[in-house]
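*Asks:* Pasting start_10.json here (JSON, C-alpha atoms):
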```json
[["chain", "number", "residue", "atom", "x", "y", "z"],
["I", 13, "MET", "CA", -3.50, -40.89, 3.79],
["I", 14, "ALA", "CA", -4.54, -37.72, 5.61],
["I", 15, "GLU", "CA", -5.62, -34.77, 3.48],
["I", 16, "LEU", "CA", -3.35, -31.87, 2.61],
["I", 17, "ILE", "CA", -4.89, -28.84, 4.28],
["I", 18, "LEU", "CA", -3.50, -25.47, 3.25],
["I", 19, "HIS", "CA", -4.15, -22.49, 5.52],
["I", 20, "HIS", "CA", -3.75, -19.38, 3.36],
["I", 21, "TYR", "CA", -5.51, -16.44, 1.76],
["I", 22, "TRP", "CA", -5.75, -16.12, -2.00],
["I", 23, "PRO", "CA", -3.78, -12.86, -2.42],
["I", 24, "SER", "CA", -0.79, -14.34, -0.50],
["I", 25, "PRO", "CA", 2.29, -14.36, -2.76],
["I", 26, "PHE", "CA", 4.20, -16.87, -0.62],
["I", 27, "THR", "CA", 1.27, -19.25, -0.91],
["I", 28, "GLU", "CA", 1.21, -18.90, -4.69],
["I", 29, "LYS", "CA", 4.42, -20.90, -5.07],
["I", 30, "VAL", "CA", 2.96, -23.66, -2.87],
["I", 31, "ARG", "CA", -0.26, -23.69, -4.90],
["I", 32, "LEU", "CA", 1.78, -24.05, -8.09],
["I", 33, "ALA", "CA", 3.74, -26.94, -6.59],
["I", 34, "LEU", "CA", 0.44, -28.66, -5.79],
["I", 35, "GLY", "CA", -0.62, -27.99, -9.37],
["I", 36, "LEU", "CA", 2.59, -29.44, -10.81],
["I", 37, "LYS", "CA", 2.03, -32.64, -8.86],
["I", 38, "GLY", "CA", -1.67, -32.78, -9.69],
["I", 39, "LEU", "CA", -2.64, -33.01, -6.02],
["I", 40, "ALA", "CA", -6.01, -32.55, -4.37],
["I", 41, "TRP", "CA", -5.97, -30.29, -1.33],
["I", 42, "ARG", "CA", -8.29, -28.50, 1.07],
["I", 43, "SER", "CA", -8.33, -24.72, 1.15],
["I", 44, "VAL", "CA", -8.75, -23.06, 4.55],
["I", 45, "VAL", "CA", -8.88, -19.28, 4.16],
["I", 46, "GLN", "CA", -7.39, -17.39, 7.10],
["I", 47, "PRO", "CA", -7.35, -13.63, 7.80],
["I", 48, "ASN", "CA", -4.43, -11.65, 6.37],
["I", 49, "ILE", "CA", -3.96, -9.75, 9.65],
["I", 50, "MET", "CA", -4.26, -10.64, 13.32],
["I", 51, "PRO", "CA", -6.21, -11.89, 15.18],
["I", 52, "LYS", "CA", -6.16, -15.41, 13.74],
["I", 53, "PRO", "CA", -8.04, -17.40, 16.39],
["I", 54, "GLU", "CA", -8.38, -20.51, 14.22],
["I", 55, "LEU", "CA", -4.73, -20.64, 13.15],
["I", 56, "ILE", "CA", -2.77, -19.86, 16.31],
["I", 57, "PRO", "CA", -3.99, -22.99, 18.20],
["I", 58, "LEU", "CA", -2.33, -25.07, 15.47],
["I", 59, "THR", "CA", 0.97, -23.18, 15.31],
["I", 60, "GLY", "CA", 1.44, -21.99, 18.89],
["I", 61, "GLY", "CA", 1.99, -18.37, 17.86],
["I", 62, "TYR", "CA", 3.38, -18.52, 14.34],
["I", 63, "ARG", "CA", 1.02, -16.28, 12.39],
["I", 64, "LYS", "CA", 2.50, -16.04, 8.92],
["I", 65, "ILE", "CA", 0.91, -17.64, 5.86],
["I", 66, "PRO", "CA", 1.01, -20.26, 4.43],
["I", 67, "VAL", "CA", 0.70, -23.10, 6.93],
["I", 68, "MET", "CA", 0.08, -26.68, 5.85],
["I", 69, "GLN", "CA", -1.69, -29.20, 8.05],
["I", 70, "ILE", "CA", -1.65, -32.97, 7.66],
["I", 71, "GLY", "CA", -3.66, -34.40, 10.52],
["I", 72, "ALA", "CA", -1.90, -33.22, 13.68],
["I", 73, "ASP", "CA", 1.37, -32.32, 11.93],
["I", 74, "ILE", "CA", 1.65, -28.61, 11.15],
["I", 75, "TYR", "CA", 4.19, -27.25, 8.64],
["I", 76, "CYS", "CA", 5.15, -23.57, 8.86],
["I", 77, "ASP", "CA", 6.84, -21.49, 6.14],
["I", 78, "SER", "CA", 6.69, -22.24, 2.43],
["I", 79, "GLN", "CA", 10.21, -23.71, 2.52],
["I", 80, "CYS", "CA", 9.16, -26.37, 5.03],
["I", 81, "ILE", "CA", 5.85, -26.97, 3.24],
["I", 82, "LEU", "CA", 7.44, -27.50, -0.16],
["I", 83, "ARG", "CA", 10.03, -29.90, 1.25],
["I", 84, "GLU", "CA", 7.30, -31.99, 2.88],
["I", 85, "ILE", "CA", 5.15, -32.02, -0.25],
["I", 86, "GLU", "CA", 8.19, -33.23, -2.20],
["I", 87, "ARG", "CA", 8.93, -35.95, 0.38],
["I", 88, "ARG", "CA", 5.38, -37.29, 0.31],
["I", 89, "HIS", "CA", 4.78, -36.84, -3.43],
["I", 90, "PRO", "CA", 8.18, -37.06, -5.17],
["I", 91, "THR", "CA", 6.95, -37.11, -8.77],
["I", 92, "PRO", "CA", 7.03, -34.96, -10.74],
["I", 93, "SER", "CA", 9.89, -33.51, -8.76],
["I", 94, "LEU", "CA", 10.31, -29.92, -7.65],
["I", 95, "ILE", "CA", 14.05, -30.51, -8.28],
["I", 96, "PRO", "CA", 13.79, -32.15, -11.71],
["I", 97, "ASP", "CA", 17.46, -31.73, -12.61],
["I", 98, "GLY", "CA", 19.00, -32.61, -9.24],
["I", 99, "ALA", "CA", 20.30, -29.04, -8.81],
["I", 100, "GLU", "CA", 19.27, -28.95, -5.15],
["I", 101, "ALA", "CA", 21.42, -26.01, -4.07],
["I", 102, "THR", "CA", 20.51, -23.92, -7.11],
["I", 103, "HIS", "CA", 16.77, -24.37, -6.59],
["I", 104, "TRP", "CA", 16.82, -23.68, -2.85],
["I", 105, "GLY", "CA", 19.35, -20.86, -3.23],
["I", 106, "THR", "CA", 17.16, -19.24, -5.87],
["I", 107, "ALA", "CA", 14.18, -19.54, -3.53],
["I", 108, "PHE", "CA", 16.13, -17.83, -0.73],
["I", 109, "TRP", "CA", 17.16, -14.98, -3.05],
["I", 110, "ALA", "CA", 13.61, -14.62, -4.38],
["I", 111, "ASP", "CA", 12.08, -14.41, -0.90],
["I", 112, "ARG", "CA", 14.58, -12.04, 0.65],
["I", 113, "VAL", "CA", 15.84, -9.82, -2.17],
["I", 114, "PHE", "CA", 13.63, -9.97, -5.27],
["I", 115, "PHE", "CA", 10.37, -9.99, -3.32],
["I", 116, "GLN", "CA", 11.36, -7.19, -0.96],
["I", 117, "ALA", "CA", 12.12, -4.89, -3.90],
["I", 118, "ALA", "CA", 8.66, -5.63, -5.27],
["I", 119, "VAL", "CA", 7.04, -4.94, -1.89],
["I", 120, "ALA", "CA", 8.56, -1.46, -1.76],
["I", 121, "VAL", "CA", 7.33, -0.67, -5.28],
["I", 122, "ILE", "CA", 3.83, -2.04, -4.70],
["I", 123, "PHE", "CA", 3.20, -0.39, -1.35],
["I", 124, "GLY", "CA", 4.98, 2.79, -2.40],
["I", 125, "GLN", "CA", 2.40, 3.36, -5.14],
["I", 126, "MET", "CA", -0.40, 2.36, -2.71],
["I", 127, "ALA", "CA", 0.93, 4.61, 0.06],
["I", 128, "ASP", "CA", -2.18, 6.75, 0.38],
["I", 129, "SER", "CA", -4.66, 3.87, 0.41],
["I", 130, "VAL", "CA", -3.12, 1.17, 2.63],
["I", 131, "PRO", "CA", -5.59, 0.44, 5.47],
["I", 132, "LYS", "CA", -4.44, 1.57, 8.90],
["I", 133, "GLU", "CA", -5.16, -1.89, 10.36],
["I", 134, "PHE", "CA", -2.90, -3.54, 7.79],
["I", 135, "MET", "CA", -0.08, -1.08, 8.50],
["I", 136, "GLU", "CA", -0.36, -1.67, 12.24],
["I", 137, "ASP", "CA", -0.34, -5.44, 11.77],
["I", 138, "ARG", "CA", 2.72, -5.40, 9.50],
["I", 139, "SER", "CA", 4.54, -3.06, 11.89],
["I", 140, "LYS", "CA", 4.08, -5.60, 14.67],
["I", 141, "LEU", "CA", 5.07, -8.42, 12.34],
["I", 142, "SER", "CA", 8.31, -6.77, 11.23],
["I", 143, "GLY", "CA", 9.20, -5.10, 14.53],
["I", 144, "ARG", "CA", 9.56, -1.70, 12.86],
["I", 145, "PRO", "CA", 7.17, 0.90, 11.42],
["I", 146, "PHE", "CA", 5.49, -0.10, 8.16],
["I", 147, "ASP", "CA", 6.38, 3.23, 6.62],
["I", 148, "THR", "CA", 4.57, 3.62, 3.30],
["I", 149, "GLN", "CA", 5.94, 7.12, 2.79],
["I", 150, "GLN", "CA", 9.46, 5.73, 3.03],
["I", 151, "MET", "CA", 8.47, 3.07, 0.49],
["I", 152, "LYS", "CA", 7.00, 5.76, -1.74],
["I", 153, "ASP", "CA", 10.28, 7.67, -1.64],
["I", 154, "ALA", "CA", 12.18, 4.46, -2.45],
["I", 155, "VAL", "CA", 10.11, 3.50, -5.51],
["I", 156, "PRO", "CA", 12.55, 4.94, -8.10],
["I", 157, "MET", "CA", 15.50, 3.06, -6.56],
["I", 158, "MET", "CA", 13.53, -0.15, -6.15],
["I", 159, "LYS", "CA", 12.45, -0.01, -9.80],
["I", 160, "GLU", "CA", 16.15, 0.01, -10.66],
["I", 161, "GLN", "CA", 16.70, -3.06, -8.49],
["I", 162, "LEU", "CA", 13.79, -4.89, -10.09],
["I", 163, "ARG", "CA", 15.01, -4.01, -13.57],
["I", 164, "ALA", "CA", 18.46, -5.43, -12.82],
["I", 165, "GLN", "CA", 17.08, -8.67, -11.45],
["I", 166, "LEU", "CA", 14.53, -9.06, -14.26],
["I", 167, "ASP", "CA", 17.43, -8.65, -16.67],
["I", 168, "TRP", "CA", 19.23, -11.59, -15.00],
["I", 169, "LEU", "CA", 16.16, -13.75, -15.50],
["I", 170, "ASP", "CA", 15.68, -12.63, -19.08],
["I", 171, "ALA", "CA", 19.32, -13.39, -19.90],
["I", 172, "GLN", "CA", 18.94, -16.92, -18.54],
["I", 173, "LEU", "CA", 15.83, -17.53, -20.65],
["I", 174, "ARG", "CA", 17.36, -16.06, -23.81],
["I", 175, "ASP", "CA", 18.62, -19.44, -25.05],
["I", 176, "GLY", "CA", 15.03, -20.60, -25.51],
["I", 177, "ARG", "CA", 14.75, -22.86, -22.46],
["I", 178, "PRO", "CA", 11.12, -23.03, -21.28],
["I", 179, "TYR", "CA", 11.95, -22.84, -17.56],
["I", 180, "LEU", "CA", 14.71, -21.24, -15.52],
["I", 181, "LEU", "CA", 16.84, -24.36, -15.14],
["I", 182, "GLY", "CA", 15.90, -26.30, -18.23],
["I", 183, "ARG", "CA", 13.10, -28.27, -19.85],
["I", 184, "SER", "CA", 11.01, -28.92, -16.74],
["I", 185, "PRO", "CA", 9.42, -26.54, -14.20],
["I", 186, "GLY", "CA", 10.61, -26.67, -10.63],
["I", 187, "LEU", "CA", 11.07, -24.89, -7.35],
["I", 188, "ALA", "CA", 13.25, -22.11, -8.83],
["I", 189, "ASP", "CA", 10.42, -21.20, -11.22],
["I", 190, "PHE", "CA", 7.70, -21.12, -8.56],
["I", 191, "ALA", "CA", 9.81, -19.22, -6.03],
["I", 192, "THR", "CA", 10.74, -16.57, -8.60],
["I", 193, "TYR", "CA", 7.31, -16.38, -10.23],
["I", 194, "HIS", "CA", 5.51, -15.47, -7.00],
["I", 195, "THR", "CA", 7.15, -12.02, -6.95],
["I", 196, "ILE", "CA", 6.13, -11.30, -10.54],
["I", 197, "TRP", "CA", 2.61, -12.62, -9.80],
["I", 198, "PHE", "CA", 2.44, -10.19, -6.86],
["I", 199, "LEU", "CA", 3.56, -7.30, -9.06],
["I", 200, "GLN", "CA", 1.04, -8.11, -11.77],
["I", 201, "SER", "CA", -1.75, -8.45, -9.21],
["I", 202, "TYR", "CA", -1.19, -5.25, -7.24],
["I", 203, "TYR", "CA", 0.96, -2.89, -9.29],
["I", 204, "PRO", "CA", -0.90, -1.56, -12.36],
["I", 205, "PRO", "CA", 2.29, -0.34, -14.13],
["I", 206, "ALA", "CA", 3.86, -3.83, -13.82],
["I", 207, "GLY", "CA", 3.51, -4.20, -17.57],
["I", 208, "GLU", "CA", 5.94, -1.32, -18.05],
["I", 209, "LEU", "CA", 8.54, -3.06, -15.89],
["I", 210, "LEU", "CA", 8.10, -6.35, -17.73],
["I", 211, "GLU", "CA", 7.77, -4.96, -21.27],
["I", 212, "PRO", "CA", 11.52, -5.05, -22.11],
["I", 213, "HIS", "CA", 11.82, -8.63, -20.87],
["I", 214, "ALA", "CA", 10.07, -10.77, -23.48],
["I", 215, "GLY", "CA", 11.60, -14.00, -22.20],
["I", 216, "VAL", "CA", 10.34, -13.34, -18.68],
["I", 217, "ARG", "CA", 6.85, -12.51, -19.92],
["I", 218, "ALA", "CA", 6.60, -15.73, -21.95],
["I", 219, "TRP", "CA", 8.00, -17.78, -19.06],
["I", 220, "THR", "CA", 5.48, -16.19, -16.68],
["I", 221, "GLU", "CA", 2.61, -17.42, -18.84],
["I", 222, "ARG", "CA", 4.01, -20.95, -18.91],
["I", 223, "VAL", "CA", 4.33, -21.07, -15.13],
["I", 224, "LYS", "CA", 0.86, -19.60, -14.60],
["I", 225, "ALA", "CA", -0.65, -22.30, -16.86],
["I", 226, "ILE", "CA", 0.48, -25.03, -14.43],
["I", 227, "GLY", "CA", -2.43, -24.14, -12.16],
["I", 228, "HIS", "CA", -3.18, -25.04, -8.57],
["I", 229, "GLY", "CA", -4.33, -28.66, -8.66],
["I", 230, "GLN", "CA", -7.76, -29.65, -7.32],
["I", 231, "HIS", "CA", -8.82, -27.67, -4.27],
["I", 232, "THR", "CA", -12.03, -27.68, -2.26],
["I", 233, "PRO", "CA", -12.89, -25.33, 0.60],
["I", 234, "MET", "CA", -12.78, -26.32, 4.26],
["I", 235, "GLN", "CA", -13.91, -24.28, 7.24],
["I", 236, "PRO", "CA", -11.20, -23.42, 9.81],
["I", 237, "SER", "CA", -13.23, -25.07, 12.58],
["I", 238, "GLU", "CA", -13.20, -28.33, 10.63],
["I", 239, "ALA", "CA", -9.42, -28.19, 10.34],
["I", 240, "LEU", "CA", -9.10, -27.69, 14.11],
["I", 241, "ALA", "CA", -11.38, -30.68, 14.70],
["I", 242, "ILE", "CA", -9.24, -32.84, 12.39],
["I", 243, "ALA", "CA", -6.10, -31.92, 14.36],
["I", 244, "LYS", "CA", -7.79, -32.74, 17.65],
["I", 245, "ALA", "CA", -8.98, -36.13, 16.36],
["I", 246, "SER", "CA", -5.52, -37.03, 14.97],
["I", 247, "GLU", "CA", -2.17, -38.09, 16.37],
["I", 248, "PRO", "CA", 1.10, -36.60, 15.08],
["I", 249, "GLU", "CA", 2.92, -39.01, 12.77],
["I", 250, "THR", "CA", 6.43, -37.54, 13.14],
["I", 251, "THR", "CA", 9.08, -40.10, 14.13],
["I", 252, "PRO", "CA", 11.30, -38.72, 16.92],
["I", 253, "GLY", "CA", 15.00, -38.43, 16.24],
["I", 254, "VAL", "CA", 18.02, -36.17, 15.88],
["I", 255, "GLU", "CA", 20.24, -36.69, 12.87],
["I", 256, "PRO", "CA", 24.03, -36.90, 13.35],
["I", 257, "GLY", "CA", 25.91, -33.63, 13.19],
["I", 258, "GLU", "CA", 23.43, -31.48, 15.13],
["I", 259, "PRO", "CA", 25.76, -28.50, 15.81],
["I", 260, "ASN", "CA", 24.35, -27.41, 19.18],
["I", 261, "GLY", "CA", 23.69, -30.81, 20.69],
["I", 262, "TRP", "CA", 19.89, -30.68, 20.74],
["I", 263, "ARG", "CA", 18.21, -33.89, 21.89],
["I", 264, "VAL", "CA", 14.72, -35.30, 21.71],
["I", 265, "GLY", "CA", 12.77, -33.95, 24.68],
["I", 266, "ASP", "CA", 14.68, -30.67, 25.00],
["I", 267, "HIS", "CA", 12.46, -27.66, 25.64],
["I", 268, "VAL", "CA", 13.20, -25.18, 22.89],
["I", 269, "ALA", "CA", 11.71, -22.15, 21.17],
["I", 270, "VAL", "CA", 11.82, -21.60, 17.41],
["I", 271, "MET", "CA", 11.55, -18.25, 15.64],
["I", 272, "ALA", "CA", 12.15, -16.71, 12.22],
["I", 273, "ASP", "CA", 15.35, -14.72, 11.85],
["I", 274, "ASP", "CA", 13.92, -11.95, 9.66],
["I", 275, "TYR", "CA", 10.39, -10.87, 10.66],
["I", 276, "GLY", "CA", 7.51, -12.45, 12.52],
["I", 277, "ARG", "CA", 9.96, -13.39, 15.25],
["I", 278, "ASP", "CA", 7.34, -14.62, 17.72],
["I", 279, "PRO", "CA", 8.96, -17.57, 19.54],
["I", 280, "ILE", "CA", 7.05, -20.87, 19.44],
["I", 281, "ALA", "CA", 7.96, -23.09, 22.38],
["I", 282, "GLY", "CA", 7.68, -26.84, 22.67],
["I", 283, "GLU", "CA", 9.42, -30.16, 23.20],
["I", 284, "LEU", "CA", 11.89, -31.12, 20.51],
["I", 285, "VAL", "CA", 10.75, -34.14, 18.53],
["I", 286, "ARG", "CA", 12.88, -34.12, 15.43],
["I", 287, "ALA", "CA", 15.97, -32.23, 14.22],
["I", 288, "SER", "CA", 17.90, -32.43, 10.97],
["I", 289, "ALA", "CA", 19.91, -30.10, 8.76],
["I", 290, "GLN", "CA", 16.67, -28.89, 7.15],
["I", 291, "GLU", "CA", 13.96, -29.29, 9.78],
["I", 292, "ILE", "CA", 13.15, -28.72, 13.43],
["I", 293, "ALA", "CA", 9.90, -30.15, 14.81],
["I", 294, "ILE", "CA", 8.45, -29.51, 18.27],
["I", 295, "ARG", "CA", 5.52, -31.01, 20.16],
["I", 296, "ARG", "CA", 3.09, -28.72, 21.89],
["I", 297, "ARG", "CA", -0.38, -28.94, 23.35],
["I", 298, "ASP", "CA", -3.37, -26.65, 22.99],
["I", 299, "PRO", "CA", -6.87, -27.23, 24.42],
["I", 300, "ASP", "CA", -8.45, -26.56, 21.01],
["I", 301, "VAL", "CA", -6.37, -29.11, 19.10],
["I", 302, "GLY", "CA", -4.71, -31.43, 21.62],
["I", 303, "ASP", "CA", -1.16, -32.59, 20.86],
["I", 304, "VAL", "CA", 0.35, -31.34, 17.61],
["I", 305, "VAL", "CA", 3.85, -31.39, 16.15],
["I", 306, "VAL", "CA", 4.85, -28.10, 14.53],
["I", 307, "HIS", "CA", 7.55, -28.22, 11.83],
["I", 308, "PHE", "CA", 9.89, -25.40, 10.75],
["I", 309, "PRO", "CA", 12.81, -25.12, 8.32],
["I", 310, "ARG", "CA", 16.30, -24.59, 9.72],
["I", 311, "ALA", "CA", 17.52, -22.09, 7.08],
["I", 312, "GLY", "CA", 16.07, -18.75, 8.11],
["I", 313, "PHE", "CA", 14.97, -19.90, 11.59],
["I", 314, "LEU", "CA", 16.62, -19.86, 15.00],
["I", 315, "VAL", "CA", 16.41, -22.49, 17.74],
["I", 316, "VAL", "CA", 17.05, -21.45, 21.37],
["I", 317, "ARG", "CA", 16.54, -23.09, 24.72],
["I", 318, "ALA", "CA", 13.10, -22.26, 26.08]]
```
Produce structure tokens that represent the structure in this file.
*Replies:*
Amino acid sequence: MAELILHHYWPSPFTEKVRLALGLKGLAWRSVVQPNIMPKPELIPLTGGYRKIPVMQIGADIYCDSQCILREIERRHPTPSLIPDGAEATHWGTAFWADRVFFQAAVAVIFGQMADSVPKEFMEDRSKLSGRPFDTQQMKDAVPMMKEQLRAQLDWLDAQLRDGRPYLLGRSPGLADFATYHTIWFLQSYYPPAGELLEPHAGVRAWTERVKAIGHGQHTPMQPSEALAIAKASEPETTPGVEPGEPNGWRVGDHVAVMADDYGRDPIAGELVRASAQEIAIRRRDPDVGDVVVHFPRAGFLVVRA
């Protein structure tokens, strides 16, 4: 079986939940460190323009967005499961909330207190990524309100853990834990007063330590150039097909473009290979990597005719 290659950078919070999933399953994986801002000359040939992190590569199949990556890891390595209790909607719904509400409150607090020291290059990159100014002064002004939002959401978590359960949904760790933990990990890593926010929430603090102890599995470094060479020497393994119920009538071979619906809305164009309720996969060609199939989730992404 082809190696799991994770394109990431270590401070990436969205990658942290993927690393924990790899740790839960005890998997070996290759670590390709990419820049945290553009240009990314050894990532873009694989993705066709998608520049967010993480990206997972398995041969010539490229998986974008942590949602898509986690689903594929679960499909290939089902035990121990990321959905140990069968609560599919609760786990994925929690992940959506954590990414779009909980995490964004933390971002405002973190960058608000860093307002005077954020590198200009980082601010310019994130402005292009989001399509609006990365306004650290605005974040600084919003810190008091965002602390209130974080407190309310930490209180939800603490209330759920108050019955003594070790993980958010029961006895076993799963996707809901990793998706929620990555925001707290980010706070603890980059916001020195994070301890003050967490101090009243003893259940959350104890749970955080249990999740952290899961670790990241066995990882060894790989150079980006080696990952590109692997893609070029491989053939995509995705089986073409469109599952019944496709709402807009997409067919294999249609020329489409896929883009995120929140930020990083760069459209990635290609030939549709596979479509389901949870995945869209397109074939594209690049001189550096040959033919690759790039996979995206459906929730949170848009598909339009190219």
*Asks:* Here's a test: counting all atoms listed in the file, identify every protein, DNA and RNA residue with an atom at most 12 Å from (-11.1, -30.2, -5.6) in the file's coordinate frame, and state them as a list of chain:residue names.
*Replies:*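 Within 12 Å of (-11.1, -30.2, -5.6), the protein and nucleic acid residues are I:Glu15, I:Leu16, I:Ile17, I:Leu34, I:Gly35, I:Gly38, I:Leu39, I:Ala40, I:Trp41, I:Arg42, I:Ser43, I:His228, I:Gly229, I:Gln230, I:His231, I:Thr232, I:Pro233, I:Met234.
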*Asks:* Which one of I:Pro299, I:Pro178, I:Gly186, I:Gly215 sits closest to I:Ala107 if you count only C-alpha atoms?
*Replies:*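 Residue with the minimum atom-to-atom distance to I:Ala107: I:Gly186.
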*Asks:* Which one of I:Ala239, I:Val254, I:Met271, I:Ile280 sits closest to I:Leu314 if you count only C-alpha atoms?
*Replies:* I:Met271
*Asks:* Extract, using all atoms listed in the file, all DNA, RNA and protein residues at most 10 Å from I:Ala241, discarding same-chain residues fewer than 3 positions from it, and format them as a list in words.
*Replies:*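 The residues satisfying every condition are Gly71, Ala72, Pro236, Ser237, Glu238, Lys244, Ala245, Ser246, Asp300, Val301 and Gly302 of chain I.
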*Asks:* Find, counting all atoms listed in the file, the residue in I:Gln69, I:Gln172, I:Asn48, I:Thr250 that gets nearest to I:Leu284.
*Replies:* I:Thr250
*Asks:* Which residue gives the smallest distance to I:Glu28 among I:Gly60, I:Pro66, I:Pro47, I:Gly143, with only C-alpha atoms counted?
*Replies:* I:Pro66
*Asks:* Pick from I:Phe313, I:Tyr203, I:Phe26, I:Tyr75: nearest to I:Ala191, with all atoms listed in the file counted?
*Replies:*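 Of the candidates, the smallest distance to I:Ala191 is held by I:Phe26.
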*Asks:* Select, counting only C-alpha atoms, all protein, DNA and RNA residues no farther than 6 Å from (3.4, -16.6, -13.0) in file coordinates, and express the selection as a ChimeraX atom specification.
*Replies:* /I:193,197,220-221,223-224
*Asks:* Would you kindly return, as a PyMOL selection string, each protein, DNA or RNA residue with an atom no farther than 12 Å from any atom of I:Gly261, considering only C-alpha atoms and excluding same-chain residues fewer than 4 positions away?
*Replies:* chain I and resi 254-257+266+284+287-288+315-317
*Asks:* If you keep C-alpha atoms, can you produce a file of those selected residues as a PDB file, in the frame of the given file?
*Replies:*
```
ATOM      1  CA  VAL I 254      18.020 -36.170  15.880  1.00  0.00           C
ATOM      2  CA  GLU I 255      20.240 -36.690  12.870  1.00  0.00           C
ATOM      3  CA  PRO I 256      24.030 -36.900  13.350  1.00  0.00           C
ATOM      4  CA  GLY I 257      25.910 -33.630  13.190  1.00  0.00           C
ATOM      5  CA  ASP I 266      14.680 -30.670  25.000  1.00  0.00           C
ATOM      6  CA  LEU I 284      11.890 -31.120  20.510  1.00  0.00           C
ATOM      7  CA  ALA I 287      15.970 -32.230  14.220  1.00  0.00           C
ATOM      8  CA  SER I 288      17.900 -32.430  10.970  1.00  0.00           C
ATOM      9  CA  VAL I 315      16.410 -22.490  17.740  1.00  0.00           C
ATOM     10  CA  VAL I 316      17.050 -21.450  21.370  1.00  0.00           C
ATOM     11  CA  ARG I 317      16.540 -23.090  24.720  1.00  0.00           C
TER      12      ARG I 317
END
```
*Asks:* Would you compute the distance between atom CA of I:Gly276 and atom CA of I:Ser142? Give it in Å to one decimal.
*Replies:* 5.9 Å
*Asks:* When you draw a straight line from atom CA of I:Gln235 to atom CA of I:Val44, how long is it in Å?
*Replies:*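 Straight-line distance from atom CA of I:Gln235 to atom CA of I:Val44 works out to 5.9 Å.
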*Asks:* Which residues are near I:Ala218? Cut-off 12 Å, all atoms listed in the file, ignore same chain within fewer than 4 positions. Put them as a list of chain:residue names.
*Replies:*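 Final neighbour list, sorted by chain and number: I:Leu169, I:Asp170, I:Leu173, I:Arg174, I:Gly176, I:Arg177, I:Pro178, I:Tyr179, I:Leu180, I:Tyr193, I:Leu210, I:Glu211, I:Pro212, I:His213, I:Ala214, I:Arg222, I:Val223, I:Lys224, I:Ala225.
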*Asks:* Excluding stretch 128-137 of chain I and residues on its chain fewer than 3 positions from it, collect all residues at most 10 Å away from it, counting all atoms listed in the file, and give them as number ranges by chain.
*Replies:* I: 48-51, 123-125, 140-149, 152
*Asks:* If you count only C-alpha atoms, which residues fall within 12 Å of I:Ile74, apart from same-chain ones fewer than 3 positions away, as a ChimeraX atom specification?
*Replies:* /I:16-19,55-60,62,66-71,77-78,80-81,84,239-240,242-243,246-250,292-296,301,303-308
*Asks:* Tell me, in Å to one decimal, how far atom CA of I:Leu187 is from atom CA of I:Val45.
*Replies:* 23.7 Å
*Asks:* Looking at I:Gly207, I:Gly282, I:Gly105, I:Gly61, which one is nearest to I:Gly312, with distances taken over only C-alpha atoms?
*Replies:*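 Comparing I:Gly207, I:Gly282, I:Gly105, I:Gly61 against I:Gly312, the winner is I:Gly105.
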*Asks:* Just stretch 16-24 of chain I, please, as a PDB file, in the first residue's frame (only N, CA, C and O atoms).
*Replies:*
```pdb
ATOM      1  N   LEU I  16       1.201   7.069   3.414  1.00  0.00           N
ATOM      2  CA  LEU I  16       0.455   8.273   3.744  1.00  0.00           C
ATOM      3  C   LEU I  16       1.451   9.420   3.845  1.00  0.00           C
ATOM      4  O   LEU I  16       2.355   9.398   4.680  1.00  0.00           O
ATOM      5  N   ILE I  17       1.284  10.411   2.993  1.00  0.00           N
ATOM      6  CA  ILE I  17       2.175  11.570   2.975  1.00  0.00           C
ATOM      7  C   ILE I  17       1.349  12.785   3.385  1.00  0.00           C
ATOM      8  O   ILE I  17       0.365  13.127   2.725  1.00  0.00           O
ATOM      9  N   LEU I  18       1.750  13.413   4.476  1.00  0.00           N
ATOM     10  CA  LEU I  18       1.014  14.568   4.977  1.00  0.00           C
ATOM     11  C   LEU I  18       1.819  15.828   4.720  1.00  0.00           C
ATOM     12  O   LEU I  18       2.924  15.997   5.234  1.00  0.00           O
ATOM     13  N   HIS I  19       1.246  16.723   3.907  1.00  0.00           N
ATOM     14  CA  HIS I  19       1.837  18.032   3.640  1.00  0.00           C
ATOM     15  C   HIS I  19       1.263  19.001   4.689  1.00  0.00           C
ATOM     16  O   HIS I  19       0.046  19.206   4.761  1.00  0.00           O
ATOM     17  N   HIS I  20       2.128  19.603   5.488  1.00  0.00           N
ATOM     18  CA  HIS I  20       1.667  20.398   6.619  1.00  0.00           C
ATOM     19  C   HIS I  20       2.808  21.295   7.104  1.00  0.00           C
ATOM     20  O   HIS I  20       3.887  21.327   6.517  1.00  0.00           O
ATOM     21  N   TYR I  21       2.563  22.037   8.162  1.00  0.00           N
ATOM     22  CA  TYR I  21       3.636  22.642   8.954  1.00  0.00           C
ATOM     23  C   TYR I  21       3.243  22.428  10.408  1.00  0.00           C
ATOM     24  O   TYR I  21       2.059  22.358  10.753  1.00  0.00           O
ATOM     25  N   TRP I  22       4.206  22.285  11.272  1.00  0.00           N
ATOM     26  CA  TRP I  22       3.938  21.834  12.633  1.00  0.00           C
ATOM     27  C   TRP I  22       3.040  22.759  13.425  1.00  0.00           C
ATOM     28  O   TRP I  22       2.232  22.295  14.243  1.00  0.00           O
ATOM     29  N   PRO I  23       3.098  24.092  13.263  1.00  0.00           N
ATOM     30  CA  PRO I  23       2.191  24.946  14.034  1.00  0.00           C
ATOM     31  C   PRO I  23       0.746  24.975  13.508  1.00  0.00           C
ATOM     32  O   PRO I  23      -0.085  25.698  14.047  1.00  0.00           O
ATOM     33  N   SER I  24       0.423  24.216  12.464  1.00  0.00           N
ATOM     34  CA  SER I  24      -0.908  24.264  11.864  1.00  0.00           C
ATOM     35  C   SER I  24      -1.954  23.612  12.767  1.00  0.00           C
ATOM     36  O   SER I  24      -1.904  22.403  13.012  1.00  0.00           O
TER      37      SER I  24
END
```
